[in-house]
Amino acid sequence: MDILDVITSRRSIRSFLNKPVEEEKLVKILDSARWAPTAGNTQECRFIVVKEQAARMQIAEACLGQFWIASAPLLIIVCAKMDIIGAIYGEIGRKSFAFMDSALAAQNMMLMAHSLGLGSCMVASFEEEYVKRVLSLPEEVKPLAIIPIGYPTQIPKPPYRKNLESVVFFEQYGKMWIKHVSGTMSGPAFLKREELL
Ligand SMILES: Cc1cc2nc3c(=O)[nH]c(=O)nc-3n(C[C@H](O)[C@H](O)[C@H](O)COP(=O)(O)O)c2cc1C
């Protein structure tokens, strides 16, 4: 698949077949996280793979009762080592870089999973302390995203996306960027250089 096809056809999947994820696919997914950019190349994200049924149920409970999460054969919990990132970058490291590093790793993994025929979903609504207890995370390790992964039972229709004109500005906030965009609101907009300005 072309990169744009991978990006635009990925959907959040919340229902999974009772079918395990092949180990070689899991390795590819984890390896894609390793290649995500990190602030200063610090690489202070950590990834916990959870397959055990009881632990998946506990994590689903910690995600404010989103029990569909437990139907995924595996969960990857993306964590940041806050002590290191805080020591290097201070407040901006703890409040911003840690979250950005984790989100980029999560997106890499979701796109890789999708390209391998798997479904996933970013989950960030959870009780942090509960997740830390279930996974025996040390104090300084902060869970930031939970990604259930498995074979989808169905692919949902693409949800609404705002069009480019309403989210992109030129030079200054509020100043229209795009005079002409080919494509539609529901599909990707392909910009041709000569069509800008
Ligand atoms: C930071 C963040 C937190 C999210 N948390 C949840 C969540 O707790 N539960 C859930 O079902 N989906 C969650 N999602 C998935 C979004 O609902 C989903 O990406 C959005 O509806 C767009 O759908 P799409 O991913 O299929 O394009 C989260 C997404 C992001 C980026």
# chains A, B, ... in the order shown; residues from 1 in each chain; ligands from 1

$ residues_around --residues "region 62-73 of chain A" --least-positions-apart "3" --cutoff "9 Å" --atoms "only C-alpha atoms" --output "ChimeraX atom specification"
/A:14-21,50-59,120,123-131,146-152

$ write_last_selection --atoms "N, CA and C atoms" --output "mmCIF file, in the first residue's frame"
data_model
loop_
_atom_site.group_PDB
_atom_site.id
_atom_site.type_symbol
_atom_site.label_atom_id
_atom_site.label_comp_id
_atom_site.auth_asym_id
_atom_site.auth_seq_id
_atom_site.Cartn_x
_atom_site.Cartn_y
_atom_site.Cartn_z
ATOM 1 N N ARG A 14 -12.438 -1.541 17.311
ATOM 2 C CA ARG A 14 -12.840 -1.818 18.698
ATOM 3 C C ARG A 14 -13.508 -3.173 18.853
ATOM 4 N N SER A 15 -13.342 -4.036 17.855
ATOM 5 C CA SER A 15 -13.906 -5.386 17.943
ATOM 6 C C SER A 15 -12.977 -6.336 17.185
ATOM 7 N N PHE A 16 -12.569 -7.418 17.844
ATOM 8 C CA PHE A 16 -11.497 -8.261 17.302
ATOM 9 C C PHE A 16 -11.917 -9.720 17.217
ATOM 10 N N LEU A 17 -11.354 -10.427 16.207
ATOM 11 C CA LEU A 17 -11.565 -11.869 16.086
ATOM 12 C C LEU A 17 -10.784 -12.592 17.180
ATOM 13 N N ASN A 18 -11.260 -13.771 17.518
ATOM 14 C CA ASN A 18 -10.544 -14.587 18.500
ATOM 15 C C ASN A 18 -9.401 -15.326 17.785
ATOM 16 N N LYS A 19 -8.415 -14.558 17.361
ATOM 17 C CA LYS A 19 -7.331 -15.116 16.556
ATOM 18 C C LYS A 19 -6.034 -14.427 16.988
ATOM 19 N N PRO A 20 -5.022 -15.205 17.343
ATOM 20 C CA PRO A 20 -3.795 -14.565 17.838
ATOM 21 C C PRO A 20 -3.051 -13.797 16.747
ATOM 22 N N VAL A 21 -2.247 -12.852 17.170
ATOM 23 C CA VAL A 21 -1.389 -12.098 16.254
ATOM 24 C C VAL A 21 -0.068 -12.853 16.125
ATOM 25 N N VAL A 50 1.059 -7.060 26.505
ATOM 26 C CA VAL A 50 0.215 -7.833 27.428
ATOM 27 C C VAL A 50 -0.684 -8.767 26.613
ATOM 28 N N LYS A 51 -0.541 -10.080 26.887
ATOM 29 C CA LYS A 51 -1.379 -11.055 26.183
ATOM 30 C C LYS A 51 -2.285 -11.806 27.156
ATOM 31 N N GLU A 52 -1.877 -11.895 28.369
ATOM 32 C CA GLU A 52 -2.580 -12.734 29.350
ATOM 33 C C GLU A 52 -4.008 -12.207 29.583
ATOM 34 N N GLN A 53 -4.979 -13.116 29.500
ATOM 35 C CA GLN A 53 -6.395 -12.738 29.541
ATOM 36 C C GLN A 53 -6.779 -11.933 30.788
ATOM 37 N N ALA A 54 -6.328 -12.397 31.959
ATOM 38 C CA ALA A 54 -6.727 -11.721 33.204
ATOM 39 C C ALA A 54 -6.182 -10.292 33.230
ATOM 40 N N ALA A 55 -4.959 -10.125 32.766
ATOM 41 C CA ALA A 55 -4.355 -8.783 32.748
ATOM 42 C C ALA A 55 -5.078 -7.890 31.750
ATOM 43 N N ARG A 56 -5.480 -8.453 30.609
ATOM 44 C CA ARG A 56 -6.210 -7.658 29.608
ATOM 45 C C ARG A 56 -7.535 -7.167 30.190
ATOM 46 N N MET A 57 -8.177 -8.049 30.971
ATOM 47 C CA MET A 57 -9.449 -7.655 31.608
ATOM 48 C C MET A 57 -9.225 -6.528 32.606
ATOM 49 N N GLN A 58 -8.148 -6.640 33.374
ATOM 50 C CA GLN A 58 -7.862 -5.592 34.368
ATOM 51 C C GLN A 58 -7.560 -4.252 33.695
ATOM 52 N N ILE A 59 -6.789 -4.330 32.586
ATOM 53 C CA ILE A 59 -6.467 -3.095 31.858
ATOM 54 C C ILE A 59 -7.754 -2.485 31.300
ATOM 55 N N SER A 120 -6.263 -1.718 15.213
ATOM 56 C CA SER A 120 -5.796 -1.205 16.507
ATOM 57 C C SER A 120 -6.599 0.036 16.854
ATOM 58 N N VAL A 123 -5.891 4.231 22.875
ATOM 59 C CA VAL A 123 -6.735 4.448 24.064
ATOM 60 C C VAL A 123 -5.923 5.237 25.084
ATOM 61 N N ALA A 124 -6.461 6.386 25.460
ATOM 62 C CA ALA A 124 -5.733 7.201 26.442
ATOM 63 C C ALA A 124 -6.602 7.589 27.634
ATOM 64 N N SER A 125 -7.839 7.080 27.657
ATOM 65 C CA SER A 125 -8.692 7.326 28.829
ATOM 66 C C SER A 125 -8.535 6.159 29.782
ATOM 67 N N PHE A 126 -7.725 6.345 30.813
ATOM 68 C CA PHE A 126 -7.545 5.265 31.796
ATOM 69 C C PHE A 126 -7.087 5.837 33.125
ATOM 70 N N GLU A 127 -7.300 5.015 34.155
ATOM 71 C CA GLU A 127 -6.821 5.393 35.494
ATOM 72 C C GLU A 127 -5.357 5.013 35.582
ATOM 73 N N GLU A 128 -4.516 6.009 35.614
ATOM 74 C CA GLU A 128 -3.070 5.772 35.550
ATOM 75 C C GLU A 128 -2.571 4.848 36.661
ATOM 76 N N GLU A 129 -3.014 5.111 37.878
ATOM 77 C CA GLU A 129 -2.500 4.323 39.019
ATOM 78 C C GLU A 129 -2.904 2.858 38.916
ATOM 79 N N TYR A 130 -4.109 2.631 38.422
ATOM 80 C CA TYR A 130 -4.613 1.257 38.241
ATOM 81 C C TYR A 130 -3.718 0.527 37.220
ATOM 82 N N VAL A 131 -3.441 1.179 36.089
ATOM 83 C CA VAL A 131 -2.604 0.571 35.044
ATOM 84 C C VAL A 131 -1.204 0.298 35.607
ATOM 85 N N ILE A 146 -2.577 3.128 25.474
ATOM 86 C CA ILE A 146 -2.822 1.678 25.425
ATOM 87 C C ILE A 146 -3.326 1.365 24.028
ATOM 88 N N ILE A 147 -2.688 0.396 23.374
ATOM 89 C CA ILE A 147 -3.074 0.070 21.998
ATOM 90 C C ILE A 147 -3.477 -1.400 21.905
ATOM 91 N N PRO A 148 -4.781 -1.669 21.879
ATOM 92 C CA PRO A 148 -5.241 -3.038 21.627
ATOM 93 C C PRO A 148 -5.002 -3.367 20.144
ATOM 94 N N ILE A 149 -4.511 -4.567 19.878
ATOM 95 C CA ILE A 149 -4.217 -4.969 18.488
ATOM 96 C C ILE A 149 -4.747 -6.373 18.223
ATOM 97 N N GLY A 150 -5.336 -6.552 17.054
ATOM 98 C CA GLY A 150 -5.802 -7.881 16.665
ATOM 99 C C GLY A 150 -6.432 -7.820 15.287
ATOM 100 N N TYR A 151 -6.975 -8.961 14.858
ATOM 101 C CA TYR A 151 -7.662 -8.982 13.560
ATOM 102 C C TYR A 151 -9.071 -8.413 13.739
ATOM 103 N N PRO A 152 -9.434 -7.429 12.924
ATOM 104 C CA PRO A 152 -10.746 -6.786 13.106
ATOM 105 C C PRO A 152 -11.902 -7.696 12.704
#

$ closest_atom_pairs --of "region 46-161 of chain A" --to "region 27-35 of chain A" --cutoff "6 Å" --atoms "only C-alpha atoms" --output "Markdown table"
| residue | atom | partner | partner_atom | distance |
| --- | --- | --- | --- | --- |
| A:Ala105 | CA | A:Ala33 | CA | 4.4 |
| A:Asn108 | CA | A:Ala33 | CA | 5.7 |
| A:Met109 | CA | A:Ile29 | CA | 5.1 |
| A:Met112 | CA | A:Ile29 | CA | 5.6 |

$ atom_distance --atom1 "CA of Met100 (chain A)" --atom2 "CA of Gly40 (chain A)"
12.1 Å

$ select_by_dssp --residues "region 14-160 of chain A" --states "strand (DSSP E or B)" --output "ChimeraX atom specification"
/A:16,45-50,74-81,119-120,123,141-150,152

$ select_by_dssp --residues "region 17-181 of chain A" --states "alpha helix (DSSP H)" --output "VMD selection string"
chain A and resid 23 to 34 53 to 62 82 to 89 91 to 92 98 to 115 128 to 135 164 to 167

$ atom_distance --atom1 "CA of Ile178 (chain A)" --atom2 "CA of Arg161 (chain A)"
16.7 Å

$ atom_distance --atom1 "CA of Leu26 (chain A)" --atom2 "CA of Ala113 (chain A)"
8.2 Å

$ closest_residue --among "A:Glu140, A:Glu61, A:Asp2, A:Glu24" --to "ligand 1" --atoms "only C-alpha atoms and all ligand atoms"
A:Glu61

$ residues_around --residues "Leu137 (chain A)" --least-positions-apart "2" --cutoff "12 Å" --atoms "only C-alpha atoms" --output "number ranges by chain"
A: 46-48, 77-82, 128-135, 139-143

$ closest_residue --among "A:Gln107, A:Ser96, A:Asn41, A:Ser166" --to "ligand 1" --atoms "only C-alpha atoms and all ligand atoms"
A:Gln107
